[in-house]
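Next comes entry_33.cif, a file with mmCIF, C-alpha atoms.
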```
data_input
#
loop_
_atom_site.label_atom_id
_atom_site.label_comp_id
_atom_site.auth_asym_id
_atom_site.auth_seq_id
_atom_site.Cartn_x
_atom_site.Cartn_y
_atom_site.Cartn_z
CA MET A 796 -42.56 36.14 25.11
CA ASN A 797 -40.38 36.33 21.98
CA TRP A 798 -40.84 33.30 19.72
CA MET A 799 -38.25 32.44 17.07
CA ASP A 800 -39.31 31.17 13.69
CA PRO A 801 -38.16 27.50 13.65
CA TRP A 802 -37.85 27.49 9.84
CA LYS A 803 -35.44 30.45 9.85
CA GLU A 804 -33.39 28.71 12.52
CA MET A 805 -33.29 25.51 10.41
CA GLU A 806 -32.23 27.50 7.32
CA ALA A 807 -29.44 29.15 9.31
CA MET A 808 -28.22 25.76 10.56
CA GLU A 809 -28.32 24.34 7.02
CA ALA A 810 -26.30 27.28 5.68
CA GLU A 811 -23.69 26.79 8.44
CA MET A 812 -23.46 23.04 7.72
CA GLN A 813 -22.97 23.74 4.00
CA ARG A 814 -20.19 26.21 4.82
CA ILE A 815 -18.42 23.67 7.04
CA LEU A 816 -18.79 20.79 4.57
CA SER A 817 -17.55 22.86 1.64
CA ALA A 818 -14.42 23.72 3.66
CA LEU A 819 -13.69 19.98 4.10
CA ARG A 820 -13.81 19.18 0.38
CA TRP A 821 -10.88 19.36 -2.00
CA ALA A 822 -10.51 20.19 -5.67
CA PRO A 823 -11.88 17.64 -8.15
CA ARG A 824 -9.61 16.14 -10.80
CA ASP A 825 -12.02 17.22 -13.54
CA GLY A 826 -12.70 20.91 -14.18
CA GLY A 827 -15.82 22.65 -15.36
CA ALA A 828 -19.18 22.58 -13.61
CA GLN A 829 -17.97 20.08 -11.02
CA GLU A 830 -15.88 22.78 -9.34
CA GLU A 831 -19.04 24.34 -7.92
CA ALA A 832 -19.96 21.10 -6.13
CA TYR A 833 -16.70 21.26 -4.16
CA GLY A 834 -17.04 24.89 -3.13
CA SER A 835 -14.79 27.79 -3.92
CA ARG A 836 -11.69 26.53 -2.07
CA LYS A 837 -9.74 24.43 -4.58
CA ASP A 838 -6.84 24.00 -2.14
CA ALA A 839 -8.98 22.58 0.72
CA LYS A 840 -7.95 19.12 1.92
CA PRO A 841 -9.67 16.72 4.30
CA HIS A 842 -8.40 16.63 7.87
CA PHE A 843 -6.04 13.75 8.54
CA ASP A 844 -3.63 12.40 11.12
CA VAL A 845 -0.67 10.03 10.68
CA CYS A 846 0.43 7.92 13.67
CA THR A 847 3.70 6.02 13.28
CA GLY A 848 4.11 3.02 15.57
CA ASP A 849 6.98 0.56 15.99
CA THR A 850 5.67 -1.83 13.32
CA THR A 851 2.70 -0.07 11.66
CA VAL A 852 1.56 3.30 10.36
CA HIS A 853 -2.05 4.41 10.93
CA VAL A 854 -3.56 7.12 8.72
CA LEU A 855 -6.90 8.59 9.83
CA VAL A 856 -8.81 10.73 7.31
CA GLU A 857 -12.14 12.55 7.73
CA LEU A 858 -14.40 12.04 4.71
CA PRO A 859 -17.90 12.93 5.90
CA GLY A 860 -20.80 11.86 3.73
CA LEU A 861 -18.87 9.15 1.89
CA SER A 862 -19.14 5.38 2.17
CA GLU A 863 -16.49 2.70 1.72
CA ASP A 864 -17.76 2.14 -1.84
CA ASP A 865 -17.05 5.79 -2.68
CA ILE A 866 -13.29 5.65 -2.00
CA THR A 867 -10.23 3.91 -3.42
CA VAL A 868 -7.07 3.73 -1.32
CA THR A 869 -3.68 3.14 -2.93
CA ALA A 870 -0.57 2.79 -0.77
CA HIS A 871 2.90 3.63 -2.03
CA THR A 872 6.26 3.20 -0.30
CA LYS A 873 6.23 6.73 1.19
CA SER A 874 2.63 7.93 0.67
CA VAL A 875 -1.06 7.02 0.64
CA GLU A 876 -3.44 8.15 -2.10
CA ILE A 877 -7.20 8.39 -1.54
CA GLU A 878 -9.45 8.85 -4.54
CA THR A 879 -13.15 9.59 -4.13
CA ALA A 880 -16.00 8.96 -6.54
CA PRO A 881 -19.24 9.57 -4.62
CA GLY A 882 -21.94 8.03 -6.84
CA ASP A 883 -22.59 10.39 -9.73
CA GLY A 884 -20.75 13.22 -7.97
CA PRO A 885 -17.41 14.84 -8.74
CA ARG A 886 -14.16 12.97 -8.24
CA GLY A 887 -11.39 14.09 -5.89
CA MET A 888 -7.93 12.89 -4.87
CA VAL A 889 -5.56 13.57 -2.00
CA ARG A 890 -2.04 12.23 -1.42
CA ILE A 891 -0.68 12.02 2.14
CA GLY A 892 3.08 11.73 2.61
CA LEU A 893 4.51 9.30 5.17
CA ASP A 894 7.65 9.84 7.26
CA VAL A 895 8.75 6.20 7.14
CA PRO A 896 8.78 3.59 4.37
CA VAL A 897 5.89 1.09 4.37
CA ILE A 898 4.99 -2.15 2.59
CA PRO A 899 2.18 -1.08 0.21
CA SER A 900 0.71 -4.58 -0.20
CA THR A 901 -0.16 -4.71 3.54
CA ALA A 902 -2.48 -1.66 3.45
CA ARG A 903 -5.93 -2.28 4.94
CA GLU A 904 -8.68 0.31 5.27
CA THR A 905 -11.87 0.50 7.28
CA MET A 906 -14.47 3.23 7.29
CA ARG A 907 -16.84 4.15 10.11
CA ASN A 908 -18.94 7.30 10.49
CA GLY A 909 -17.10 9.25 7.78
CA MET A 910 -13.65 8.38 9.19
CA VAL A 911 -11.26 6.23 7.14
CA GLU A 912 -8.55 4.33 9.03
CA ILE A 913 -5.70 2.95 6.94
CA THR A 914 -3.21 0.58 8.58
CA ILE A 915 0.05 -0.28 6.81
CA GLU A 916 3.02 -2.33 8.01
CA ARG A 917 6.31 -0.45 8.19
CA ASP A 918 9.19 -1.59 6.02
CA LEU A 919 11.62 -2.18 8.87
CA SER A 920 14.38 -3.48 6.58
CA ALA A 921 14.48 -0.10 4.78
CA SER A 922 14.52 1.77 8.10
CA ARG A 923 17.41 -0.30 9.49
CA HIS A 924 19.40 0.13 6.28
CA LYS A 925 18.86 3.91 6.38
CA GLU A 926 19.79 4.14 10.06
CA GLY A 927 22.93 2.11 9.40
CA CYS A 928 23.99 4.46 6.60
CA GLU A 929 23.56 7.57 8.75
CA GLU A 930 25.93 6.42 11.50
#
```

As a first step, turn the structure in this file into C-alpha coordinates.
Amino acid sequence: MNWMDPWKEMEAMEAEMQRILSALRWAPRDGGAQEEAYGSRKDAKPHFDVCTGDTTVHVLVELPGLSEDDITVTAHTKSVEIETAPGDGPRGMVRIGLDVPVIPSTARETMRNGMVEITIERDLSASRHKEGCEE
(Lines of atoms letter the chains of each structure in order from A and count residues from 1; the text may use other names and numbers.)
(Lines give C-alpha, C1' and ligand atoms only; values in the text may rest on other atoms or scores of the structure.)
Protein backbone atom coordinates (compact mmCIF):
# COMPACT_ATOMS: atom_id res chain seq x y z
CA MET A 1 0.00 0.00 0.00
CA ASN A 2 1.32 3.47 -0.89
CA TRP A 3 0.96 5.94 1.98
CA MET A 4 1.12 9.69 1.35
CA ASP A 5 2.88 11.97 3.78
CA PRO A 6 0.04 14.02 5.37
CA TRP A 7 2.39 16.95 6.09
CA LYS A 8 3.42 17.28 2.44
CA GLU A 9 -0.25 17.20 1.46
CA MET A 10 -1.03 19.95 4.01
CA GLU A 11 1.88 22.07 2.71
CA ALA A 12 0.62 21.67 -0.86
CA MET A 13 -2.90 22.73 0.20
CA GLU A 14 -1.50 25.75 2.07
CA ALA A 15 0.53 26.82 -0.97
CA GLU A 16 -2.57 26.55 -3.19
CA MET A 17 -4.66 28.57 -0.72
CA GLN A 18 -1.98 31.29 -0.60
CA ARG A 19 -1.94 31.42 -4.41
CA ILE A 20 -5.73 31.80 -4.56
CA LEU A 21 -5.89 34.41 -1.79
CA SER A 22 -3.10 36.50 -3.31
CA ALA A 23 -5.04 36.57 -6.60
CA LEU A 24 -8.06 38.06 -4.78
CA ARG A 25 -6.14 40.96 -3.25
CA TRP A 26 -5.60 44.33 -4.87
CA ALA A 27 -2.81 46.89 -4.76
CA PRO A 28 -2.37 48.81 -1.51
CA ARG A 29 -2.50 52.60 -1.47
CA ASP A 30 0.91 52.76 0.21
CA GLY A 31 4.01 51.47 -1.57
CA GLY A 32 7.11 49.85 -0.19
CA ALA A 33 7.21 46.64 1.81
CA GLN A 34 3.43 46.40 1.96
CA GLU A 35 3.32 45.42 -1.73
CA GLU A 36 4.64 41.97 -0.84
CA ALA A 37 1.69 41.33 1.49
CA TYR A 38 -0.72 41.77 -1.43
CA GLY A 39 1.13 39.49 -3.81
CA SER A 40 2.70 40.32 -7.13
CA ARG A 41 -0.52 41.27 -8.98
CA LYS A 42 -1.02 45.00 -8.36
CA ASP A 43 -3.99 45.11 -10.75
CA ALA A 44 -5.96 42.31 -9.00
CA LYS A 45 -9.41 43.32 -7.77
CA PRO A 46 -11.88 41.47 -5.56
CA HIS A 47 -14.73 39.68 -7.29
CA PHE A 48 -17.97 41.65 -7.25
CA ASP A 49 -21.45 41.70 -8.72
CA VAL A 50 -23.85 44.63 -9.17
CA CYS A 51 -27.60 43.90 -9.31
CA THR A 52 -29.85 46.79 -10.30
CA GLY A 53 -33.47 46.49 -9.20
CA ASP A 54 -36.46 48.78 -9.73
CA THR A 55 -35.80 50.81 -6.57
CA THR A 56 -32.44 49.62 -5.20
CA VAL A 57 -28.94 48.65 -6.27
CA HIS A 58 -27.20 45.70 -4.56
CA VAL A 59 -23.41 45.41 -4.71
CA LEU A 60 -21.88 42.10 -3.57
CA VAL A 61 -18.11 42.01 -2.99
CA GLU A 62 -15.91 39.08 -1.91
CA LEU A 63 -13.43 40.12 0.79
CA PRO A 64 -12.27 36.87 2.40
CA GLY A 65 -10.47 37.12 5.71
CA LEU A 66 -11.80 40.58 6.57
CA SER A 67 -14.37 41.60 9.16
CA GLU A 68 -16.85 44.48 9.14
CA ASP A 69 -14.43 46.50 11.30
CA ASP A 70 -11.75 46.18 8.60
CA ILE A 71 -13.72 47.95 5.84
CA THR A 72 -15.11 51.41 5.16
CA VAL A 73 -17.80 51.82 2.50
CA THR A 74 -18.44 55.20 0.87
CA ALA A 75 -21.25 55.60 -1.65
CA HIS A 76 -21.21 58.24 -4.37
CA THR A 77 -23.90 59.13 -6.91
CA LYS A 78 -22.52 56.73 -9.58
CA SER A 79 -20.02 54.56 -7.66
CA VAL A 80 -19.19 52.74 -4.43
CA GLU A 81 -15.76 52.90 -2.80
CA ILE A 82 -14.54 50.19 -0.41
CA GLU A 83 -11.43 50.86 1.64
CA THR A 84 -9.79 48.12 3.69
CA ALA A 85 -7.56 48.42 6.73
CA PRO A 86 -7.16 44.90 8.17
CA GLY A 87 -5.72 45.48 11.65
CA ASP A 88 -2.04 46.31 11.28
CA GLY A 89 -2.01 45.08 7.67
CA PRO A 90 -1.72 47.01 4.42
CA ARG A 91 -4.51 49.24 3.21
CA GLY A 92 -6.36 48.78 -0.08
CA MET A 93 -9.13 50.51 -2.02
CA VAL A 94 -11.45 49.59 -4.86
CA ARG A 95 -14.05 51.73 -6.64
CA ILE A 96 -17.01 50.05 -8.36
CA GLY A 97 -18.94 52.03 -10.96
CA LEU A 98 -22.75 51.92 -11.02
CA ASP A 99 -24.94 52.06 -14.13
CA VAL A 100 -27.69 54.13 -12.50
CA PRO A 101 -27.62 57.10 -10.12
CA VAL A 102 -28.17 56.32 -6.42
CA ILE A 103 -28.81 58.26 -3.21
CA PRO A 104 -25.49 57.93 -1.32
CA SER A 105 -26.97 58.64 2.13
CA THR A 106 -29.15 55.49 1.90
CA ALA A 107 -26.20 53.07 1.58
CA ARG A 108 -26.25 50.19 4.08
CA GLU A 109 -23.71 47.39 4.25
CA THR A 110 -23.67 44.00 5.91
CA MET A 111 -20.88 41.45 5.98
CA ARG A 112 -21.20 37.68 6.35
CA ASN A 113 -18.56 35.02 5.70
CA GLY A 114 -16.23 37.34 3.78
CA MET A 115 -19.03 38.68 1.54
CA VAL A 116 -20.03 42.35 1.75
CA GLU A 117 -23.54 43.27 0.59
CA ILE A 118 -24.18 46.97 -0.02
CA THR A 119 -27.76 48.12 -0.64
CA ILE A 120 -28.43 51.63 -1.96
CA GLU A 121 -31.69 53.26 -3.03
CA ARG A 122 -31.82 54.37 -6.66
CA ASP A 123 -32.26 58.06 -7.43
CA LEU A 124 -35.42 57.65 -9.48
CA SER A 125 -35.85 61.40 -10.03
CA ALA A 126 -32.50 61.52 -11.87
CA SER A 127 -33.43 58.45 -13.95
CA ARG A 128 -36.79 59.91 -14.99
CA HIS A 129 -35.19 63.24 -15.90
CA LYS A 130 -32.56 61.46 -18.02
CA GLU A 131 -35.15 59.27 -19.74
CA GLY A 132 -37.26 62.34 -20.49
CA CYS A 133 -34.29 64.12 -22.09
CA GLU A 134 -33.48 61.18 -24.35
CA GLU A 135 -36.92 61.01 -25.97

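Taking CA of Ser874 (chain A) as the reference point, CA of Val852 (chain A) is found at 10.8 Å.
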
Expected axis-aligned box over every listed atom of region 798-808 of chain A, 5 Å added per side, centre plus edges in Å to one decimal, as JSON:
```
{"center_x": -34.5, "center_y": 29.4, "center_z": 13.5, "size_x": 22.6, "size_y": 17.8, "size_z": 22.4}
```

Report task. On this file, the PyMOL selection byres ((chain A and resi 906) around 10) gives some set of residues; write that set as JSON, numbers by chain. Result -> {"A": [855, 856, 857, 858, 861, 862, 863, 864, 866, 904, 905, 907, 908, 909, 910, 911, 912, 913]}

**Report entry** Distance in Å - CA of Gly848 (chain A) versus CA of Ile877 (chain A)
**Finding:** 21.2 Å

Query - Between CA of Ile898 (chain A) and CA of Gly860 (chain A) - distance in Å to one decimal - result: 29.4 Å

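For the structure shown here, the set of residues caught by the PyMOL selection byres ((chain A and resi 888-896) around 9) is Trp821, Ala822, Pro823, Arg824, Lys840, Pro841, Phe843, Val845, Thr847, Val852, Val854, His871, Thr872, Lys873, Ser874, Val875, Glu876, Ile877, Glu878, Thr879, Arg886, Gly887, Val897, Ile898, Arg917, Asp918, Leu919, Ala921 and Ser922 of chain A.
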